[in-house]
Amino acid sequence: MKTIIAAMTCAIGLMIAPTADAQTYPDRPIKVVVPFAPGGAVDSLARIVSAKMQESMKQPVIVENRPGAGGNIAADAVAKSPPDGTTILLTTVGHAISPSLYKKLAYDPVNDLAPVTQVINASLLLVTNPKFPAKTLDELVQLARAKPGALNYGSTGIGNPLHLTMEMLKVAAKIDIQMVPFRGDAPLNQALVQGDVEMAVSPLGTAAPQVEAGTLRAIAVTGAKRSPLMPNVPTIAEQGYPNVLTDSWQGMFVAAKTPQPIIERIHQEVLKAIQDPDVIKRIAGFGSEPVGSTPAQFGAFVKAEMEKYARLVADTKVPPQD
């Protein structure tokens, strides 16, 4: 009888533990894991939002950079972290691309991570080194056709939107340009400015200051409309390639089995942060828009994105990655 009572007590304790944890959350520091090197668009957003969350939640919120494998190293680390809301992944649309791109992942993007919120929607920008002879998309295409395989572009990883946009353009324009990989936006932009690579699709927010300074040249915006941050830069669609259309986004995930009340709390804290007037202004400076969708909305959005990019990866014939 004592054994049965002990077992029942243990079972009840397990059932109520998540609720108790949710009631005391957060009771220790929180870590926001970023899958790219410091200084890029994702890292910058993480530090802005984390600072506001720290003020509100009264606990340290620390950004940890874990670059590599197109974001999969960071995602795997968060997927295997304790499901207590103290380890949060801030990643990009690359999360929705990985299932179609990699032969095998060390984690399950659907079942091992729980969606929290889409933080922002972001524009992308096709840029070149200012010494590059082409000043328009048409001139770039003509130059690439005249020198097949001779030109190069920088990318922060196979299969992310920066890479796929260039691959879509290559297919649409029937051109051959070689990819040069980088571990983050900051080293990629540095290589562009130095002329080590000739062009790249880059987050608009990180490239815009370089364009304004004259160290990069803007060729085209990748979204459906021009960016308010750079209204004089035409879209790729305007310049003759209407099917080359990509935006990026950044969103937060936690380990699966994290109690729903904790997920809701994180969502509310992020929403509060991105509704702050100073944060709104800084996000606009990135060429981005705050979103703050609910966990359910974000989950449905990510599912649709996975389906969309599965088709896109197939269309661009990107080879499966190890």
# chains A, B, ... in the order shown; residues from 1 in each chain; ligands from 1
call {"tool": "closest_atom_pairs", "arguments": {"of": "range 151-247 of chain A", "to": "range 98-103 of chain A", "cutoff": "9 Å", "atoms": "only C-alpha atoms", "output": "CSV"}}
result
residue,atom,partner,partner_atom,distance
A:Ile158,CA,A:Leu101,CA,8.4
A:Gly159,CA,A:Leu101,CA,6.5
A:Asn160,CA,A:Ser98,CA,8.3
call {"tool": "residues_around", "arguments": {"residues": "Val119 in chain A", "least_positions_apart": "3", "cutoff": "8 Å", "atoms": "only C-alpha atoms", "output": "VMD selection string"}}
result
chain A and resid 249 to 252 270 to 271 274 290 to 293
call {"tool": "write_last_selection", "arguments": {"atoms": "C-alpha atoms", "output": "short mmCIF file (atom, residue, chain, number, x, y, z; two decimals), in the first residue's frame"}}
result
data_model
loop_
_atom_site.label_atom_id
_atom_site.label_comp_id
_atom_site.auth_asym_id
_atom_site.auth_seq_id
_atom_site.Cartn_x
_atom_site.Cartn_y
_atom_site.Cartn_z
CA TRP A 249 12.10 36.62 -40.94
CA GLN A 250 13.41 36.03 -37.47
CA GLY A 251 11.57 34.08 -34.82
CA MET A 252 11.97 32.44 -31.44
CA VAL A 270 8.95 39.68 -26.61
CA LEU A 271 5.76 41.43 -27.72
CA ILE A 274 9.09 45.03 -29.81
CA PRO A 290 7.96 43.98 -35.89
CA VAL A 291 5.46 41.09 -35.87
CA GLY A 292 4.94 39.46 -32.46
CA SER A 293 2.60 36.66 -33.60
#
call {"tool": "select_by_dssp", "arguments": {"residues": "range 120-213 of chain A", "states": "alpha helix (DSSP H)", "output": "VMD selection string"}}
result
chain A and resid 137 to 146 161 to 173 185 to 194 204 to 213
call {"tool": "write_last_selection", "arguments": {"atoms": "N, CA and C atoms", "output": "tab-separated table (two decimals), in the first residue's frame"}}
result
chain	number	residue	atom	x	y	z
A	137	LEU	N	20.71	45.52	-62.34
A	137	LEU	CA	20.56	44.07	-62.41
A	137	LEU	C	20.75	43.58	-63.84
A	138	ASP	N	20.26	44.33	-64.81
A	138	ASP	CA	20.42	43.92	-66.20
A	138	ASP	C	21.90	43.88	-66.58
A	139	GLU	N	22.67	44.88	-66.15
A	139	GLU	CA	24.10	44.90	-66.44
A	139	GLU	C	24.80	43.73	-65.76
A	140	LEU	N	24.37	43.41	-64.53
A	140	LEU	CA	24.96	42.28	-63.81
A	140	LEU	C	24.71	40.98	-64.57
A	141	VAL	N	23.48	40.80	-65.02
A	141	VAL	CA	23.13	39.57	-65.75
A	141	VAL	C	23.92	39.48	-67.05
A	142	GLN	N	24.02	40.58	-67.77
A	142	GLN	CA	24.76	40.56	-69.03
A	142	GLN	C	26.23	40.24	-68.81
A	143	LEU	N	26.82	40.78	-67.74
A	143	LEU	CA	28.22	40.51	-67.42
A	143	LEU	C	28.41	39.04	-67.05
A	144	ALA	N	27.47	38.50	-66.27
A	144	ALA	CA	27.56	37.09	-65.87
A	144	ALA	C	27.43	36.17	-67.09
A	145	ARG	N	26.57	36.53	-68.02
A	145	ARG	CA	26.42	35.72	-69.23
A	145	ARG	C	27.67	35.76	-70.10
A	146	ALA	N	28.36	36.89	-70.05
A	146	ALA	CA	29.57	37.02	-70.85
A	146	ALA	C	30.75	36.28	-70.22
A	161	PRO	N	17.96	32.16	-47.01
A	161	PRO	CA	17.37	33.02	-48.04
A	161	PRO	C	18.39	33.80	-48.86
A	162	LEU	N	19.52	34.14	-48.23
A	162	LEU	CA	20.56	34.88	-48.96
A	162	LEU	C	21.11	34.02	-50.09
A	163	HIS	N	21.30	32.75	-49.80
A	163	HIS	CA	21.80	31.81	-50.80
A	163	HIS	C	20.73	31.46	-51.82
A	164	LEU	N	19.53	31.14	-51.35
A	164	LEU	CA	18.48	30.70	-52.26
A	164	LEU	C	18.03	31.80	-53.22
A	165	THR	N	18.06	33.06	-52.76
A	165	THR	CA	17.67	34.16	-53.65
A	165	THR	C	18.63	34.25	-54.83
A	166	MET	N	19.93	34.13	-54.57
A	166	MET	CA	20.90	34.15	-55.66
A	166	MET	C	20.72	32.93	-56.58
A	167	GLU	N	20.43	31.79	-55.98
A	167	GLU	CA	20.22	30.60	-56.80
A	167	GLU	C	18.96	30.73	-57.66
A	168	MET	N	17.92	31.34	-57.11
A	168	MET	CA	16.71	31.61	-57.89
A	168	MET	C	17.01	32.54	-59.05
A	169	LEU	N	17.81	33.58	-58.78
A	169	LEU	CA	18.18	34.52	-59.83
A	169	LEU	C	19.00	33.83	-60.91
A	170	LYS	N	19.91	32.97	-60.50
A	170	LYS	CA	20.73	32.24	-61.47
A	170	LYS	C	19.87	31.39	-62.41
A	171	VAL	N	18.86	30.73	-61.82
A	171	VAL	CA	17.96	29.91	-62.64
A	171	VAL	C	17.12	30.78	-63.57
A	172	ALA	N	16.55	31.87	-63.01
A	172	ALA	CA	15.67	32.73	-63.79
A	172	ALA	C	16.40	33.44	-64.91
A	173	ALA	N	17.64	33.89	-64.64
A	173	ALA	CA	18.40	34.67	-65.63
A	173	ALA	C	19.32	33.81	-66.47
A	185	ASP	N	26.87	37.76	-41.25
A	185	ASP	CA	26.71	38.98	-42.04
A	185	ASP	C	27.93	39.87	-41.96
A	186	ALA	N	28.49	40.02	-40.75
A	186	ALA	CA	29.60	40.96	-40.56
A	186	ALA	C	30.82	40.60	-41.41
A	187	PRO	N	31.32	39.34	-41.35
A	187	PRO	CA	32.46	39.01	-42.22
A	187	PRO	C	32.13	39.05	-43.70
A	188	LEU	N	30.88	38.74	-44.05
A	188	LEU	CA	30.48	38.82	-45.46
A	188	LEU	C	30.52	40.26	-45.94
A	189	ASN	N	29.94	41.18	-45.15
A	189	ASN	CA	29.94	42.58	-45.57
A	189	ASN	C	31.35	43.15	-45.63
A	190	GLN	N	32.22	42.71	-44.72
A	190	GLN	CA	33.61	43.15	-44.77
A	190	GLN	C	34.28	42.69	-46.05
A	191	ALA	N	34.02	41.45	-46.44
A	191	ALA	CA	34.61	40.93	-47.68
A	191	ALA	C	34.08	41.67	-48.91
A	192	LEU	N	32.79	42.04	-48.86
A	192	LEU	CA	32.20	42.82	-49.96
A	192	LEU	C	32.87	44.18	-50.08
A	193	VAL	N	33.02	44.85	-48.94
A	193	VAL	CA	33.62	46.20	-48.94
A	193	VAL	C	35.06	46.14	-49.43
A	194	GLN	N	35.77	45.08	-49.05
A	194	GLN	CA	37.18	44.94	-49.45
A	194	GLN	C	37.33	44.46	-50.89
A	204	LEU	N	18.84	43.83	-45.42
A	204	LEU	CA	18.86	45.24	-45.78
A	204	LEU	C	19.42	46.09	-44.65
A	205	GLY	N	19.06	45.75	-43.42
A	205	GLY	CA	19.50	46.56	-42.29
A	205	GLY	C	21.00	46.61	-42.10
A	206	THR	N	21.68	45.49	-42.35
A	206	THR	CA	23.13	45.48	-42.17
A	206	THR	C	23.86	46.06	-43.38
A	207	ALA	N	23.24	45.98	-44.56
A	207	ALA	CA	23.88	46.51	-45.77
A	207	ALA	C	23.62	48.00	-45.97
A	208	ALA	N	22.47	48.49	-45.49
A	208	ALA	CA	22.08	49.88	-45.76
A	208	ALA	C	23.12	50.91	-45.32
A	209	PRO	N	23.71	50.79	-44.12
A	209	PRO	CA	24.73	51.79	-43.73
A	209	PRO	C	25.92	51.81	-44.68
A	210	GLN	N	26.29	50.62	-45.19
A	210	GLN	CA	27.41	50.57	-46.13
A	210	GLN	C	27.03	51.21	-47.47
A	211	VAL	N	25.78	51.02	-47.88
A	211	VAL	CA	25.31	51.65	-49.11
A	211	VAL	C	25.32	53.17	-48.95
A	212	GLU	N	24.82	53.65	-47.82
A	212	GLU	CA	24.78	55.09	-47.56
A	212	GLU	C	26.19	55.68	-47.49
A	213	ALA	N	27.15	54.88	-47.01
A	213	ALA	CA	28.53	55.35	-46.91
A	213	ALA	C	29.27	55.24	-48.24
call {"tool": "residues_around", "arguments": {"residues": "range 236-245 of chain A", "least_positions_apart": "4", "cutoff": "6 Å", "atoms": "only C-alpha atoms", "output": "ChimeraX atom specification"}}
result
/A:168,220,222-223
call {"tool": "write_last_selection", "arguments": {"atoms": "C-alpha atoms", "output": "PDB file, in the first residue's frame"}}
result
ATOM      1  CA  MET A 168      16.705  31.610 -57.886  1.00  0.00           C
ATOM      2  CA  ALA A 220      17.771  45.465 -55.975  1.00  0.00           C
ATOM      3  CA  THR A 222      14.233  41.070 -53.052  1.00  0.00           C
ATOM      4  CA  GLY A 223      10.710  41.563 -51.642  1.00  0.00           C
TER       5      GLY A 223
END
call {"tool": "closest_residue", "arguments": {"among": "A:Leu89, A:Ala37, A:Met57, A:Ala284", "to": "Phe182 in chain A", "atoms": "only C-alpha atoms"}}
result
A:Ala37
call {"tool": "atom_distance", "arguments": {"atom1": "CA of Ile30 in chain A", "atom2": "CA of Pro203 in chain A"}}
result
26.7 Å
call {"tool": "residues_around", "arguments": {"residues": "Lys31 in chain A", "least_positions_apart": "4", "cutoff": "10 Å", "atoms": "only C-alpha atoms", "output": "PDB file with C-alpha atoms, in the first residue's frame"}}
result
ATOM      1  CA  SER A  50      17.173  40.695 -24.825  1.00  0.00           C
ATOM      2  CA  PRO A  60      19.870  38.421 -16.850  1.00  0.00           C
ATOM      3  CA  VAL A  61      19.105  37.644 -20.511  1.00  0.00           C
ATOM      4  CA  ILE A  62      22.374  36.699 -22.189  1.00  0.00           C
ATOM      5  CA  VAL A  63      23.036  36.337 -25.935  1.00  0.00           C
ATOM      6  CA  GLU A  64      25.151  33.350 -26.943  1.00  0.00           C
ATOM      7  CA  VAL A  78      18.319  24.482 -27.987  1.00  0.00           C
ATOM      8  CA  GLY A  85      12.264  28.373 -21.011  1.00  0.00           C
ATOM      9  CA  THR A  86      15.776  29.396 -19.949  1.00  0.00           C
ATOM     10  CA  THR A  87      17.279  28.622 -23.372  1.00  0.00           C
ATOM     11  CA  ILE A  88      15.672  30.378 -26.353  1.00  0.00           C
ATOM     12  CA  LEU A  89      16.593  30.108 -30.023  1.00  0.00           C
TER      13      LEU A  89
END
call {"tool": "select_by_dssp", "arguments": {"residues": "range 134-281 of chain A", "states": "strand (DSSP E)", "output": "list in words"}}
result
Asn152, Tyr153, Gly154, Ser155, Gln178, Met179, Val180, Pro181, Met199, Ala200, Val201, Ser202, Pro203, Arg217, Ala218, Ile219, Ala220, Val221, Ser248, Trp249, Gln250, Gly251, Met252, Phe253, Val254 and Ala255 of chain A
call {"tool": "write_last_selection", "arguments": {"atoms": "N, CA and C atoms", "output": "PDB file, in the first residue's frame"}}
result
ATOM      1  N   ASN A 152      31.568  35.834 -58.613  1.00  0.00           N
ATOM      2  CA  ASN A 152      31.249  35.152 -57.366  1.00  0.00           C
ATOM      3  C   ASN A 152      30.295  35.982 -56.517  1.00  0.00           C
ATOM      4  N   TYR A 153      29.658  35.298 -55.580  1.00  0.00           N
ATOM      5  CA  TYR A 153      28.815  35.989 -54.606  1.00  0.00           C
ATOM      6  C   TYR A 153      29.032  35.381 -53.231  1.00  0.00           C
ATOM      7  N   GLY A 154      28.882  36.191 -52.200  1.00  0.00           N
ATOM      8  CA  GLY A 154      29.049  35.715 -50.838  1.00  0.00           C
ATOM      9  C   GLY A 154      27.724  35.286 -50.243  1.00  0.00           C
ATOM     10  N   SER A 155      27.761  34.301 -49.349  1.00  0.00           N
ATOM     11  CA  SER A 155      26.552  33.828 -48.680  1.00  0.00           C
ATOM     12  C   SER A 155      26.910  33.332 -47.293  1.00  0.00           C
ATOM     13  N   GLN A 178      29.548  31.771 -58.906  1.00  0.00           N
ATOM     14  CA  GLN A 178      30.025  30.866 -57.871  1.00  0.00           C
ATOM     15  C   GLN A 178      29.801  31.424 -56.463  1.00  0.00           C
ATOM     16  N   MET A 179      29.409  30.551 -55.529  1.00  0.00           N
ATOM     17  CA  MET A 179      29.181  30.975 -54.153  1.00  0.00           C
ATOM     18  C   MET A 179      30.458  30.879 -53.311  1.00  0.00           C
ATOM     19  N   VAL A 180      30.647  31.888 -52.442  1.00  0.00           N
ATOM     20  CA  VAL A 180      31.731  31.882 -51.453  1.00  0.00           C
ATOM     21  C   VAL A 180      31.075  31.934 -50.080  1.00  0.00           C
ATOM     22  N   PRO A 181      31.265  30.921 -49.210  1.00  0.00           N
ATOM     23  CA  PRO A 181      30.567  30.883 -47.916  1.00  0.00           C
ATOM     24  C   PRO A 181      31.236  31.736 -46.838  1.00  0.00           C
ATOM     25  N   MET A 199      29.499  40.327 -55.032  1.00  0.00           N
ATOM     26  CA  MET A 199      28.085  40.630 -54.777  1.00  0.00           C
ATOM     27  C   MET A 199      27.549  39.710 -53.713  1.00  0.00           C
ATOM     28  N   ALA A 200      26.371  40.039 -53.193  1.00  0.00           N
ATOM     29  CA  ALA A 200      25.700  39.179 -52.219  1.00  0.00           C
ATOM     30  C   ALA A 200      24.287  39.678 -52.018  1.00  0.00           C
ATOM     31  N   VAL A 201      23.421  38.780 -51.582  1.00  0.00           N
ATOM     32  CA  VAL A 201      22.132  39.175 -51.031  1.00  0.00           C
ATOM     33  C   VAL A 201      22.342  39.260 -49.530  1.00  0.00           C
ATOM     34  N   SER A 202      22.029  40.415 -48.968  1.00  0.00           N
ATOM     35  CA  SER A 202      22.321  40.687 -47.564  1.00  0.00           C
ATOM     36  C   SER A 202      21.083  41.234 -46.875  1.00  0.00           C
ATOM     37  N   PRO A 203      20.924  41.027 -45.555  1.00  0.00           N
ATOM     38  CA  PRO A 203      19.850  41.713 -44.840  1.00  0.00           C
ATOM     39  C   PRO A 203      19.950  43.221 -45.064  1.00  0.00           C
ATOM     40  N   ARG A 217      27.163  49.054 -53.196  1.00  0.00           N
ATOM     41  CA  ARG A 217      26.180  49.574 -54.145  1.00  0.00           C
ATOM     42  C   ARG A 217      24.929  48.689 -54.092  1.00  0.00           C
ATOM     43  N   ALA A 218      23.772  49.309 -53.931  1.00  0.00           N
ATOM     44  CA  ALA A 218      22.505  48.575 -53.913  1.00  0.00           C
ATOM     45  C   ALA A 218      22.015  48.356 -55.341  1.00  0.00           C
ATOM     46  N   ILE A 219      21.690  47.113 -55.661  1.00  0.00           N
ATOM     47  CA  ILE A 219      21.216  46.752 -56.993  1.00  0.00           C
ATOM     48  C   ILE A 219      19.707  46.503 -56.997  1.00  0.00           C
ATOM     49  N   ALA A 220      19.197  45.808 -55.970  1.00  0.00           N
ATOM     50  CA  ALA A 220      17.771  45.465 -55.975  1.00  0.00           C
ATOM     51  C   ALA A 220      17.317  44.991 -54.597  1.00  0.00           C
ATOM     52  N   VAL A 221      16.044  45.248 -54.289  1.00  0.00           N
ATOM     53  CA  VAL A 221      15.378  44.695 -53.117  1.00  0.00           C
ATOM     54  C   VAL A 221      14.707  43.400 -53.536  1.00  0.00           C
ATOM     55  N   SER A 248      12.828  37.667 -45.576  1.00  0.00           N
ATOM     56  CA  SER A 248      13.357  36.874 -44.483  1.00  0.00           C
ATOM     57  C   SER A 248      12.569  37.184 -43.227  1.00  0.00           C
ATOM     58  N   TRP A 249      12.727  36.351 -42.223  1.00  0.00           N
ATOM     59  CA  TRP A 249      12.104  36.615 -40.939  1.00  0.00           C
ATOM     60  C   TRP A 249      12.983  36.059 -39.834  1.00  0.00           C
ATOM     61  N   GLN A 250      12.730  36.549 -38.639  1.00  0.00           N
ATOM     62  CA  GLN A 250      13.414  36.028 -37.466  1.00  0.00           C
ATOM     63  C   GLN A 250      12.362  35.673 -36.420  1.00  0.00           C
ATOM     64  N   GLY A 251      12.547  34.537 -35.801  1.00  0.00           N
ATOM     65  CA  GLY A 251      11.569  34.080 -34.823  1.00  0.00           C
ATOM     66  C   GLY A 251      12.225  33.320 -33.696  1.00  0.00           C
ATOM     67  N   MET A 252      11.463  33.104 -32.636  1.00  0.00           N
ATOM     68  CA  MET A 252      11.971  32.435 -31.441  1.00  0.00           C
ATOM     69  C   MET A 252      11.323  31.068 -31.252  1.00  0.00           C
ATOM     70  N   PHE A 253      12.149  30.130 -30.785  1.00  0.00           N
ATOM     71  CA  PHE A 253      11.721  28.775 -30.462  1.00  0.00           C
ATOM     72  C   PHE A 253      12.320  28.382 -29.116  1.00  0.00           C
ATOM     73  N   VAL A 254      11.688  27.428 -28.460  1.00  0.00           N
ATOM     74  CA  VAL A 254      12.243  26.816 -27.252  1.00  0.00           C
ATOM     75  C   VAL A 254      12.167  25.298 -27.420  1.00  0.00           C
ATOM     76  N   ALA A 255      12.775  24.582 -26.495  1.00  0.00           N
ATOM     77  CA  ALA A 255      12.726  23.126 -26.555  1.00  0.00           C
ATOM     78  C   ALA A 255      11.285  22.643 -26.452  1.00  0.00           C
TER      79      ALA A 255
END
call {"tool": "closest_atom_pairs", "arguments": {"of": "range 98-122 of chain A", "to": "range 39-48 of chain A", "cutoff": "12 Å", "atoms": "only C-alpha atoms", "output": "Markdown table"}}
result
| residue | atom | partner | partner_atom | distance |
| --- | --- | --- | --- | --- |
| A:Val119 | CA | A:Leu45 | CA | 9.0 |
| A:Ile120 | CA | A:Leu45 | CA | 9.1 |
| A:Asn121 | CA | A:Val42 | CA | 11.7 |
| A:Ala122 | CA | A:Ala41 | CA | 9.6 |
call {"tool": "residues_around", "arguments": {"residues": "Ile73 in chain A", "least_positions_apart": "4", "cutoff": "12 Å", "atoms": "only C-alpha atoms", "output": "compact mmCIF listing (two decimals) with C-alpha atoms, in the first residue's frame"}}
result
# COMPACT_ATOMS: atom_id res chain seq x y z
CA VAL A 33 21.09 31.43 -28.67
CA VAL A 34 21.91 33.05 -32.02
CA PRO A 35 23.12 30.83 -34.89
CA PHE A 36 25.40 33.46 -36.43
CA ASN A 65 26.49 33.08 -30.50
CA ARG A 66 26.76 29.53 -31.88
CA PRO A 67 27.40 29.86 -35.63
CA GLY A 68 27.74 27.05 -38.14
CA ALA A 69 25.85 24.60 -40.35
CA ALA A 77 21.65 22.87 -28.86
CA VAL A 78 18.32 24.48 -27.99
CA ALA A 79 16.36 21.37 -28.99
CA LYS A 80 18.44 19.35 -26.51
CA LEU A 89 16.59 30.11 -30.02
CA THR A 91 16.80 32.13 -35.72
CA HIS A 95 14.87 26.98 -39.83
CA SER A 98 16.73 22.98 -43.32
CA LEU A 105 19.50 16.69 -39.07
CA ALA A 106 20.58 15.96 -35.51
CA TYR A 107 17.23 17.27 -34.32
call {"tool": "residues_around", "arguments": {"residues": "Lys272 in chain A", "least_positions_apart": "2", "cutoff": "9 Å", "atoms": "only C-alpha atoms", "output": "list in words"}}
result
Lys52, Met53, Ser56, His267, Gln268, Glu269, Val270, Ile274, Gln275, Asp276 and Gly292 of chain A
call {"tool": "atom_distance", "arguments": {"atom1": "CA of Ala256 in chain A", "atom2": "CA of Pro109 in chain A"}}
result
9.9 Å
call {"tool": "atom_distance", "arguments": {"atom1": "CA of Pro261 in chain A", "atom2": "CA of Ala22 in chain A"}}
result
5.9 Å
